[in-house]
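**Student:** Sharing run-v6.cif (mmCIF, C-alpha atoms and all ligand atoms) below.
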```
data_data
loop_
_atom_site.label_atom_id
_atom_site.label_comp_id
_atom_site.auth_asym_id
_atom_site.auth_seq_id
_atom_site.Cartn_x
_atom_site.Cartn_y
_atom_site.Cartn_z
CA MET A 161 -32.25 -23.65 197.66
CA ASP A 162 -36.01 -23.48 197.83
CA GLN A 163 -36.20 -21.09 200.71
CA ILE A 164 -34.47 -18.33 198.85
CA ALA A 165 -37.06 -18.69 196.15
CA ASP A 166 -39.42 -17.50 198.86
CA GLY A 167 -42.14 -15.55 197.15
CA GLY A 168 -40.11 -15.13 193.97
CA GLU A 169 -42.96 -15.84 191.58
CA LEU A 170 -45.43 -13.81 193.59
CA LYS A 171 -43.04 -10.92 193.80
CA ARG A 172 -42.47 -11.10 190.13
CA ALA A 173 -46.17 -10.97 189.39
CA ARG A 174 -46.56 -8.05 191.76
CA LEU A 175 -43.63 -6.24 190.22
CA GLU A 176 -45.10 -6.65 186.75
CA ARG A 177 -48.45 -5.41 187.94
CA GLU A 178 -46.90 -2.39 189.59
CA ALA A 179 -44.83 -1.55 186.57
CA GLY A 180 -47.96 -1.88 184.42
CA ASP A 181 -49.58 0.75 186.60
CA SER A 182 -46.81 3.25 186.11
CA HIS A 183 -47.49 6.29 184.03
CA ARG A 184 -44.32 6.16 182.09
CA PRO A 185 -44.78 5.43 178.44
CA SER A 186 -43.23 2.03 178.05
CA GLY A 187 -43.61 1.50 174.36
CA ARG A 188 -42.90 -2.14 174.90
CA GLY A 189 -44.10 -4.80 177.17
CA HIS A 190 -47.83 -4.67 177.11
CA ASN A 191 -48.44 -7.11 174.34
CA ASN A 192 -45.70 -9.56 174.69
CA HIS A 193 -44.93 -9.99 178.32
CA GLU A 194 -46.16 -13.56 178.68
CA ASN A 195 -43.66 -15.31 179.47
CA SER A 196 -40.79 -17.45 178.44
CA GLN A 197 -38.91 -17.47 181.70
CA GLU A 198 -39.84 -20.93 182.80
CA LYS A 199 -37.90 -22.23 185.70
CA GLY A 200 -34.94 -24.28 184.70
CA SER A 201 -34.81 -23.04 181.14
CA LYS A 202 -31.11 -22.73 180.89
CA ASN A 203 -29.89 -20.97 177.81
CA ARG A 204 -32.03 -17.93 178.21
CA LYS A 205 -31.04 -15.58 175.50
CA ARG A 206 -32.13 -12.09 176.11
CA ASP A 207 -34.25 -11.90 172.98
CA GLU A 208 -36.25 -14.89 174.06
CA VAL A 209 -37.10 -13.37 177.37
CA LYS A 210 -40.45 -11.80 176.79
CA THR A 211 -40.87 -10.44 180.30
CA ILE A 212 -39.58 -6.99 179.66
CA THR A 213 -40.72 -4.99 182.61
CA ARG A 214 -38.12 -2.33 183.10
CA VAL A 215 -36.75 -2.12 186.62
CA ILE A 216 -33.94 0.36 186.00
CA GLU A 217 -33.75 3.20 183.53
CA LEU A 218 -30.70 5.44 183.37
CA GLU A 219 -30.66 8.38 181.03
CA GLY A 220 -27.62 10.59 180.58
CA ILE A 221 -26.36 9.84 184.08
CA GLN A 222 -23.38 11.95 185.10
CA LYS A 223 -21.31 11.96 188.24
CA ASN A 224 -18.73 14.59 189.00
CA TYR A 225 -16.39 14.73 191.94
CA ARG A 226 -14.94 17.91 193.24
CA ILE A 227 -11.35 17.84 194.37
CA GLY A 228 -10.27 21.18 195.75
CA GLU A 229 -11.14 23.79 193.17
CA SER A 230 -11.53 21.49 190.23
CA GLU A 231 -14.33 19.16 189.33
CA PHE A 232 -13.81 16.03 187.34
CA ALA A 233 -16.29 13.79 185.60
CA VAL A 234 -16.39 10.10 186.55
CA LEU A 235 -19.60 9.13 184.76
CA LYS A 236 -20.02 10.95 181.46
CA GLY A 237 -23.55 10.21 180.35
CA ILE A 238 -24.69 6.66 181.03
CA ASP A 239 -27.77 5.40 179.17
CA LEU A 240 -28.89 1.98 180.31
CA ASP A 241 -32.15 0.09 180.69
CA ILE A 242 -32.37 -3.09 182.72
CA GLU A 243 -35.38 -5.40 182.57
CA ALA A 244 -36.75 -7.53 185.38
CA GLY A 245 -35.02 -10.89 185.47
CA GLU A 246 -31.78 -9.85 183.79
CA PHE A 247 -28.41 -10.89 185.18
CA ILE A 248 -26.03 -8.11 184.19
CA ALA A 249 -22.26 -8.29 184.37
CA LEU A 250 -20.65 -4.87 184.57
CA MET A 251 -17.00 -4.96 183.52
CA GLY A 252 -14.29 -2.43 182.85
CA PRO A 253 -10.83 -1.35 183.97
CA SER A 254 -10.18 -0.23 187.49
CA GLY A 255 -11.20 3.40 187.90
CA SER A 256 -13.66 3.34 184.98
CA GLY A 257 -16.58 4.20 187.26
CA LYS A 258 -18.16 0.80 187.96
CA SER A 259 -18.54 1.29 191.71
CA THR A 260 -19.69 4.86 191.21
CA LEU A 261 -22.42 3.60 188.89
CA MET A 262 -23.38 0.79 191.27
CA ASN A 263 -23.64 3.27 194.13
CA ILE A 264 -26.03 5.36 192.10
CA VAL A 265 -28.11 2.38 191.01
CA GLY A 266 -28.11 1.23 194.65
CA CYS A 267 -29.34 4.65 195.85
CA LEU A 268 -26.25 5.03 198.01
CA ASP A 269 -25.30 8.13 196.07
CA ARG A 270 -27.06 10.59 193.81
CA PRO A 271 -26.04 11.44 190.26
CA SER A 272 -24.83 14.95 189.38
CA GLY A 273 -27.02 14.93 186.30
CA GLY A 274 -29.35 12.79 184.22
CA ARG A 275 -32.48 10.82 185.00
CA PHE A 276 -32.73 7.65 187.09
CA ILE A 277 -35.96 5.69 187.26
CA LEU A 278 -35.94 2.75 189.68
CA LEU A 279 -38.93 0.42 189.82
CA GLY A 280 -41.02 3.06 188.14
CA GLN A 281 -40.03 5.83 190.53
CA ASP A 282 -38.03 8.91 189.56
CA ILE A 283 -35.23 8.82 192.10
CA SER A 284 -34.09 12.41 191.60
CA GLN A 285 -37.36 13.54 193.20
CA THR A 286 -37.16 11.14 196.11
CA SER A 287 -36.48 12.08 199.72
CA ASP A 288 -33.57 10.61 201.65
CA GLU A 289 -36.00 8.70 203.88
CA GLU A 290 -37.69 7.08 200.91
CA LEU A 291 -34.27 6.24 199.43
CA ALA A 292 -33.36 4.53 202.68
CA ARG A 293 -36.58 2.51 202.52
CA ILE A 294 -35.88 1.52 198.91
CA ARG A 295 -32.36 0.41 199.85
CA ARG A 296 -33.68 -1.60 202.77
CA GLU A 297 -36.64 -3.25 201.09
CA GLU A 298 -36.19 -3.34 197.34
CA LEU A 299 -32.43 -3.80 197.01
CA GLY A 300 -29.95 -6.33 198.34
CA PHE A 301 -26.24 -5.49 198.48
CA ILE A 302 -23.24 -7.78 198.24
CA PHE A 303 -19.75 -6.32 198.47
CA GLN A 304 -16.27 -7.59 197.70
CA THR A 305 -15.25 -7.15 201.33
CA PHE A 306 -18.47 -8.72 202.71
CA ASN A 307 -19.14 -5.79 205.07
CA LEU A 308 -20.49 -7.91 207.89
CA ILE A 309 -20.67 -6.51 211.40
CA GLY A 310 -17.85 -8.15 213.33
CA ARG A 311 -19.13 -7.88 216.87
CA ILE A 312 -22.46 -9.64 216.37
CA SER A 313 -23.17 -13.21 215.33
CA VAL A 314 -23.71 -14.44 211.80
CA LEU A 315 -27.39 -14.91 212.61
CA LYS A 316 -27.77 -11.36 213.93
CA ASN A 317 -26.05 -10.00 210.83
CA VAL A 318 -28.78 -11.53 208.70
CA GLU A 319 -31.43 -10.19 211.08
CA VAL A 320 -30.23 -6.58 210.87
CA PRO A 321 -32.11 -5.51 207.70
CA MET A 322 -35.30 -7.07 209.07
CA MET A 323 -34.77 -5.34 212.38
CA LEU A 324 -34.52 -2.02 210.55
CA SER A 325 -37.74 -2.85 208.73
CA GLY A 326 -39.55 -3.60 211.97
CA VAL A 327 -39.97 -7.36 211.54
CA ALA A 328 -40.86 -9.00 214.86
CA ARG A 329 -38.14 -10.85 216.71
CA GLU A 330 -39.30 -14.44 216.29
CA ARG A 331 -40.16 -13.97 212.66
CA ARG A 332 -36.83 -12.41 211.75
CA ARG A 333 -34.96 -15.05 213.66
CA SER A 334 -36.64 -17.90 211.86
CA ARG A 335 -36.28 -16.22 208.46
CA ALA A 336 -32.59 -15.52 209.11
CA LEU A 337 -32.08 -19.19 209.93
CA GLU A 338 -33.96 -20.27 206.82
CA LEU A 339 -31.85 -17.98 204.67
CA LEU A 340 -28.61 -19.21 206.23
CA GLU A 341 -29.75 -22.75 205.58
CA SER A 342 -30.59 -21.95 201.98
CA VAL A 343 -27.00 -20.86 201.37
CA GLY A 344 -25.66 -23.86 203.26
CA ILE A 345 -24.27 -22.05 206.25
CA SER A 346 -26.73 -22.43 209.12
CA HIS A 347 -24.14 -24.41 211.10
CA ARG A 348 -22.25 -21.11 211.47
CA SER A 349 -25.21 -19.16 212.89
CA ASP A 350 -23.66 -18.52 216.28
CA PHE A 351 -20.17 -17.80 215.02
CA SER A 352 -18.66 -14.37 214.82
CA PRO A 353 -17.99 -13.34 211.21
CA SER A 354 -14.31 -13.07 212.09
CA ASN A 355 -14.17 -16.81 212.83
CA ILE A 356 -15.44 -18.07 209.49
CA SER A 357 -13.79 -18.23 206.07
CA GLY A 358 -14.13 -15.70 203.26
CA GLY A 359 -16.38 -17.98 201.24
CA GLU A 360 -18.58 -18.48 204.28
CA ARG A 361 -18.70 -14.75 204.95
CA GLN A 362 -19.88 -14.04 201.45
CA ARG A 363 -22.64 -16.61 201.80
CA VAL A 364 -23.72 -14.89 205.02
CA ALA A 365 -23.68 -11.59 203.15
CA ILE A 366 -25.91 -13.11 200.46
CA ALA A 367 -28.34 -14.33 203.13
CA ARG A 368 -28.35 -10.84 204.61
CA ALA A 369 -28.96 -9.30 201.18
CA LEU A 370 -32.04 -11.51 200.84
CA ALA A 371 -33.46 -10.70 204.26
CA ASN A 372 -36.17 -8.34 203.05
CA ASP A 373 -36.78 -10.29 199.84
CA PRO A 374 -35.42 -7.64 197.44
CA LYS A 375 -36.32 -7.45 193.76
CA ILE A 376 -32.85 -6.33 192.72
CA ILE A 377 -29.46 -7.55 193.89
CA ILE A 378 -26.44 -5.32 193.50
CA ALA A 379 -23.12 -7.08 193.80
CA ASP A 380 -19.83 -5.18 193.50
CA GLU A 381 -17.11 -7.74 192.76
CA PRO A 382 -18.72 -10.40 194.98
CA THR A 383 -16.03 -12.95 194.10
CA GLY A 384 -13.14 -10.48 194.15
CA ASN A 385 -11.75 -11.82 197.42
CA LEU A 386 -12.59 -15.48 196.89
CA ASP A 387 -10.71 -18.46 195.52
CA LEU A 388 -12.01 -20.39 192.54
CA LYS A 389 -14.07 -22.90 194.47
CA ASN A 390 -15.82 -20.28 196.59
CA SER A 391 -16.32 -18.04 193.56
CA GLU A 392 -18.11 -20.87 191.82
CA GLU A 393 -20.23 -21.48 194.88
CA VAL A 394 -21.24 -17.81 195.07
CA MET A 395 -22.01 -17.74 191.33
CA LYS A 396 -24.15 -20.83 191.71
CA ILE A 397 -26.20 -19.13 194.40
CA LEU A 398 -26.52 -15.90 192.38
CA SER A 399 -27.60 -17.84 189.29
CA SER A 400 -30.22 -19.62 191.30
CA LEU A 401 -31.52 -16.33 192.69
CA ASN A 402 -31.70 -15.02 189.15
CA ARG A 403 -33.63 -18.09 187.98
CA ASP A 404 -36.08 -17.40 190.78
CA GLY A 405 -36.77 -14.08 189.10
CA ARG A 406 -34.49 -11.62 190.82
CA THR A 407 -32.67 -9.02 188.77
CA ILE A 408 -28.94 -9.03 189.43
CA ILE A 409 -26.33 -6.45 188.55
CA MET A 410 -22.83 -7.62 189.26
CA VAL A 411 -19.46 -5.98 188.82
CA THR A 412 -16.73 -8.45 187.97
CA HIS A 413 -13.22 -8.60 186.60
CA ASN A 414 -13.47 -12.26 185.79
CA PRO A 415 -14.67 -12.97 182.24
CA GLU A 416 -15.18 -16.64 183.09
CA ILE A 417 -17.98 -16.06 185.52
CA THR A 418 -19.91 -13.89 183.07
CA THR A 419 -21.12 -17.09 181.41
CA ASN A 420 -23.80 -17.08 184.08
CA CYS A 421 -24.98 -13.64 183.01
CA SER A 422 -27.57 -12.65 180.43
CA ARG A 423 -25.76 -9.48 179.36
CA VAL A 424 -22.30 -7.98 179.68
CA ILE A 425 -21.91 -4.23 179.88
CA ARG A 426 -18.47 -2.67 179.51
CA LEU A 427 -17.56 0.61 181.04
CA ARG A 428 -14.51 2.62 180.02
CA ASP A 429 -13.60 6.03 181.30
CA GLY A 430 -17.12 6.76 182.49
CA ARG A 431 -18.92 5.63 179.35
CA ILE A 432 -20.57 2.41 178.23
CA MET A 433 -18.48 0.92 175.44
CA GLU A 434 -20.56 -1.98 174.33
CA SER A 435 -23.36 -4.07 175.56
CA ALA A 436 -23.52 -7.67 174.45
CA SER A 437 -26.22 -10.24 175.07
N1 LIG B 1 -15.83 9.85 196.65
C1 LIG B 1 -14.99 10.12 195.65
N2 LIG B 1 -14.34 11.32 195.58
C2 LIG B 1 -13.51 11.59 194.56
N3 LIG B 1 -13.22 10.72 193.58
C3 LIG B 1 -13.80 9.52 193.59
C4 LIG B 1 -14.72 9.14 194.63
N4 LIG B 1 -15.15 7.87 194.37
C5 LIG B 1 -14.53 7.49 193.24
N5 LIG B 1 -13.71 8.46 192.77
C6 LIG B 1 -12.92 8.39 191.53
O1 LIG B 1 -13.79 8.04 190.48
C7 LIG B 1 -13.14 7.18 189.56
C8 LIG B 1 -13.96 5.90 189.41
O2 LIG B 1 -13.96 5.18 190.61
P1 LIG B 1 -14.78 3.84 190.82
O3 LIG B 1 -16.19 4.08 190.46
O4 LIG B 1 -14.50 3.37 192.18
O5 LIG B 1 -14.11 2.90 189.72
P2 LIG B 1 -14.14 1.29 189.57
O6 LIG B 1 -15.14 0.75 190.53
O7 LIG B 1 -14.50 1.07 188.13
O8 LIG B 1 -12.75 0.84 189.85
C9 LIG B 1 -11.75 6.92 190.11
O9 LIG B 1 -10.87 7.80 189.46
C10 LIG B 1 -11.88 7.28 191.57
O10 LIG B 1 -10.67 7.72 192.06
MG MG B 2 -14.95 -0.62 192.09
#
```
Would you mind writing the file's structure down as C-alpha cells?
Ligand SMILES: Nc1ncnc2c1ncn2[C@@H]1O[C@H](COP(=O)(O)OP(=O)(O)O)[C@@H](O)[C@H]1O
Ligand SMILES: [Mg+2]

**Tutor:**
Amino acid sequence: MDQIADGGELKRARLEREAGDSHRPSGRGHNNHENSQEKGSKNRKRDEVKTITRVIELEGIQKNYRIGESEFAVLKGIDLDIEAGEFIALMGPSGSGKSTLMNIVGCLDRPSGGRFILLGQDISQTSDEELARIRREELGFIFQTFNLIGRISVLKNVEVPMMLSGVARERRRSRALELLESVGISHRSDFSPSNISGGERQRVAIARALANDPKIIIADEPTGNLDLKNSEEVMKILSSLNRDGRTIIMVTHNPEITTNCSRVIRLRDGRIMESAS
C-alpha cells in the first residue's frame, strides 16, 4: 500500500502551508496544529486531531431545482466545515440531497446560494476552467457505479486523468501501473473493465481517483454495488488513504462501515440533522 502513500506527508505539509497563507480569518489552527496524526494511531478521535486546517467550508449552501414553472429546494442551508485528514460519512434517506451535496463539494455543480470555500478558494468566484482544474488535480472521485470507460483498458482508465493534466506518456503509464499494484489489481491492467468483477472495477476506480494525487476524495456510495467482502476491501483501502493524510467524504447507507470514519453527518430533507464524532 506504500505507493498510494506517494507524497502524502509532503502534500499534507504543503496543504497546511498553503492554508496558512490564506487570508481568511481562521480563528483556530495557528497555535495548535502540531500534530497528533501519527501514522498508525488507530483510534483517532476528532478532538485529539490537532491538525485542523480547513479544507472545505460550506455556509448556508442552498440548491434549488426548477421543474417546469416551479422551483423546489433540495439543499436548504447547509453549514459544514471539514478539516484536512477527516474521514466523513454522509448518511441520510434516499432523496435527502446527499448526491446533490457531493456534486457541489466536488465542483461538478454550483450551489444556488450560500458560500463554498474549497482549499482556501471561494468557489462561487471561480471560472469553469479553474473548476475543471480543481476537479482534475485536487479531487478524486469514486462512484457507486464505478464509471469506468468500457472501451479502453483498465490501465488506460487510470491514465486518463493524467493525460488530461498533460503528464508524459511513460510517466503516466508507470504511475498507473504503480497505482493498480497498490490496490492489488495490476494483473488486470490489460483487461477491459467489462471483463472484471465489480470489486475489481471499484479498485480500478480508486486507482484512477488517485492518479493526480488529490488532497480530497469524494466517494458517493462506493460500496453500494459490492458484496460484503469487496466492501470491506474497498473500506480498507479508503482507510489507508485516510491514514496517509487524505481527506475523505463518503456517502453510505451502511452504518457498519462508518466505524472507519472520524465523523458521521446525517442529512434529512436537505438539512444536516446531527453531526457526531
Ligand atoms: N438534476 C436534477 N433535477 C431535478 N431534481 C433533482 C436533480 N438531481 C436531484 N434532484 C432531486 O433532488 C432530491 C435529492 O436528490 P439526491 O441528491 O440525488 O439525493 P440522495 O443522493 O440523498 O438520494 C431528489 O428529490 C431528486 O429527485
Ligand atoms: Mg445519491

**Student:** Which polymer residues have any atom within 7 Å of an atom of segment 247-258 of chain A, counting only C-alpha atoms, with same-chain residues fewer than 3 positions away left out, as a list in words?

**Tutor:**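 Everything that qualifies: Val234, Leu235, Leu261, Met262, Asn402, Thr407, Ile408, Ile409, Met410, Val411, Thr412, His413, Thr418, Cys421, Ser422, Arg423, Val424, Ile425, Arg426, Leu427, Arg428, Asp429 and Gly430 of chain A.
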
**Student:** Keeping only C-alpha atoms, write the selected residues to a file as a compact mmCIF listing (two decimals), keeping the file's coordinate frame.

**Tutor:**
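Printed below is part_36.txt as written:
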```
# COMPACT_ATOMS: atom_id res chain seq x y z
CA VAL A 234 -16.39 10.10 186.55
CA LEU A 235 -19.60 9.13 184.76
CA LEU A 261 -22.42 3.60 188.89
CA MET A 262 -23.38 0.79 191.27
CA ASN A 402 -31.70 -15.02 189.15
CA THR A 407 -32.67 -9.02 188.77
CA ILE A 408 -28.94 -9.03 189.43
CA ILE A 409 -26.33 -6.45 188.55
CA MET A 410 -22.83 -7.62 189.26
CA VAL A 411 -19.46 -5.98 188.82
CA THR A 412 -16.73 -8.45 187.97
CA HIS A 413 -13.22 -8.60 186.60
CA THR A 418 -19.91 -13.89 183.07
CA CYS A 421 -24.98 -13.64 183.01
CA SER A 422 -27.57 -12.65 180.43
CA ARG A 423 -25.76 -9.48 179.36
CA VAL A 424 -22.30 -7.98 179.68
CA ILE A 425 -21.91 -4.23 179.88
CA ARG A 426 -18.47 -2.67 179.51
CA LEU A 427 -17.56 0.61 181.04
CA ARG A 428 -14.51 2.62 180.02
CA ASP A 429 -13.60 6.03 181.30
CA GLY A 430 -17.12 6.76 182.49
```

**Student:** Given the choices A:Ala379, A:Met322, A:Ala336, A:Ala371, which gets closest to ligand LIG 1 (chain B) if the distance is worked out from only C-alpha atoms and all ligand atoms?

**Tutor:**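 The closest residue to ligand LIG 1 (chain B) is A:Ala379.
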
**Student:** Could you pull the residues within 9 Å of Glu217 of chain A, counting all atoms listed in the file, minus those fewer than 6 positions along the same chain, as a ChimeraX atom specification?

**Tutor:** /A:239-243,275-280

**Student:** Please list, as number ranges by chain, the residues that have an atom at most 7 Å away from (-28.0, 8.5, 183.2) in the coordinates of this file, counting all atoms listed in the file.

**Tutor:** A: 218-222, 237-239, 274-276

**Student:** Mind pulling up the distance from atom CA of Arg361 of chain A to atom CA of Leu388 of chain A?

**Tutor:** 15.2 Å

**Student:** Need the axis-aligned box for ligand LIG 1 (chain B) with 4 Å each side, so what are the centre and edges in Å to one decimal, as JSON?

**Tutor:**
```
{"center_x": -13.4, "center_y": 6.2, "center_z": 192.4, "size_x": 13.5, "size_y": 18.8, "size_z": 16.5}
```

**Student:** Looking at A:Leu324, A:Ser342, A:Arg270, A:Ser259, which one is nearest to ligand MG 2 (chain B), with distances taken over only C-alpha atoms and all ligand atoms?

**Tutor:**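 The closest residue to ligand MG 2 (chain B) is A:Ser259.
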
**Student:** For segment 357-360 of chain A, list every protein, DNA or RNA residue within 8 Å, evaluated using all atoms listed in the file, and leave out those in the same chain fewer than 5 positions away; present the list as a PyMOL selection string.

**Tutor:** chain A and resi 345+385-386+390-391+394

**Student:** Compare A:Glu298, A:Glu231, A:Asp282, A:Asp288 by their minimum atom-to-atom distance to ligand LIG 1 (chain B), counting only C-alpha atoms and all ligand atoms, and give me the closest one.

**Tutor:** A:Glu231

**Student:** What does the distance between atom CA of Pro382 of chain A and atom CA of Gln362 of chain A come to in Å, to one decimal place?

**Tutor:**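 Interatomic distance here is 7.5 Å.
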